[in-house]
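Trainee: Can you keep this structure in mind? I'll have questions shortly.
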Amino acid sequence: MSTHSPHSTPDSFNEAPLSVNPRAEDAAQSVFIALGSNEGDSTSHLVQARLFLQDISSSPIRASRVYQTEPIGPSDNDFLNAVIRISWNSNPEALLNRLKEQERIQGRPSRYPKWTSRTLDLDIIDFGGLILNNDRLQLPHPAAAERLFVLLPLHDLAPEWYDPVTKKAISELIKKAPEMRIEVGAWQWE
Ligand code: AMP
C-alpha cells in the first residue's frame with residue numbers, strides 16, 4: 001500500500017529540482033556588455049577586451065561602433081566606449097566573475113575610487129532580459145538607461161531593445177538621457 005498522502009511529493013520531484021530561473025541556466029543567453037577605457041592605450045585595451053569576449057562567447061560576437069565621450073568625474077581623458085553582444089552559456093554571476101578577472105588582467109586595480117580613470121571597465125548591460133537585484137549584480141545595469149555612452153552603441157546593435165524594467169524603448173531613452181559630448185570615434189575596430 002502506498003505511504004504517500006494526497007499531499008506528499010513523489011520521490012522523482014525531490015530528485016530533480018526544477019530550476020527557478022531556467023533562462024539563466026539553460027540555452028545560451030544573448031548578453032550585451034558595455035566596454036569603456038580612458039587610461040593607457042585605450043584602443044589596445046578595447047581590442048584585447050574584444051578578443052577576450054569572442055573567446056568566452058559560444059557564438060560569433062557583434063560589436064557596436066566605438067564612441068569617444070567626455071569623462072564623468074575628475075578625470076581629464078576622454079573615454080572610448082562600445083557595446084558588444086555575446087552568447088553566454090552559464091549564469092550571470094559566473095559572467096561577472098570572468099569580466100572582473102579580465103579587468104584585473106588588463107591592469108585595473110581591484111579597489112578604486114568610484115569615478116577614477118580606468119584601463120578597462122566591463123559592465124553587463126542586459127542578460128537576455130533578466131531582472132536581478134542582489135548585492136553583487138543588478139540587471140539590467142541600473143545606470144544604463146541614463147547614459148548616452150551605453151545607449152548609443154547599444155542602439156547600433158539592437159534598435160529594438162527596451163528596458164525590461166520600465167519597458168521604455170531605447171529610442172525614447174536616448175531622447176531623454178542627459179546631454180553629454182559624445183561622437184563616433186576617429187578610431188574604429190579594424
Ligand atoms: P564598476 O565600478 O562599474 O566596475 O562596478 C563595480 C561593481 O558593480 C562590480 O564589482 C559589481 O559587483 C557591481 N555591479 C552591479 N551590477 C553590475 C552589472 N550589471 N555589471 C557589472 N557590474 C555590476
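Letters A, B, ... mark the chains of the C-alpha cells in the order given; residue numbers begin at 1 per chain; ligand numbers begin at 1, in order shown.
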Write down as a PyMOL selection string the residues of chain A whose backbone DSSP state falls under helix (DSSP H, G or I).
Mentor: chain A and resi 11-15+22-25+42-56+92-105+144-146+148-157+170-176
Trainee: Using only C-alpha atoms and all ligand atoms, what are the residues with an atom within 6 Å of ligand 1, set out as an MDAnalysis selection string?
Mentor: chainID A and resid 121 123:125 136:141
Trainee: Give me, as a PyMOL selection string, all polymer residues having an atom no more than 10 Å from Val150 of chain A, counting only C-alpha atoms and skipping those fewer than 5 positions away in the same chain.
Mentor: chain A and resi 33-36+67+81-83+123+125+143-145+155+174
Trainee: Find the residues around Ser58 of chain A up to 12 Å (only C-alpha atoms counted), leave out those fewer than 5 positions away in its own chain, and share them as number ranges by chain.
Mentor: A: 27-31, 53, 85-90
Trainee: Set the distance at 10 Å and use only C-alpha atoms: which residues neighbour Lys100 of chain A once local chain neighbours fewer than 4 positions away are removed? I'd like the list as a list in words.
Mentor: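 In the requested format, the answer is Leu95, Leu96, Arg104, Ile105, Gln106, Arg108, Ser110, Leu120, Asp121, Leu122 and Asp123 of chain A.
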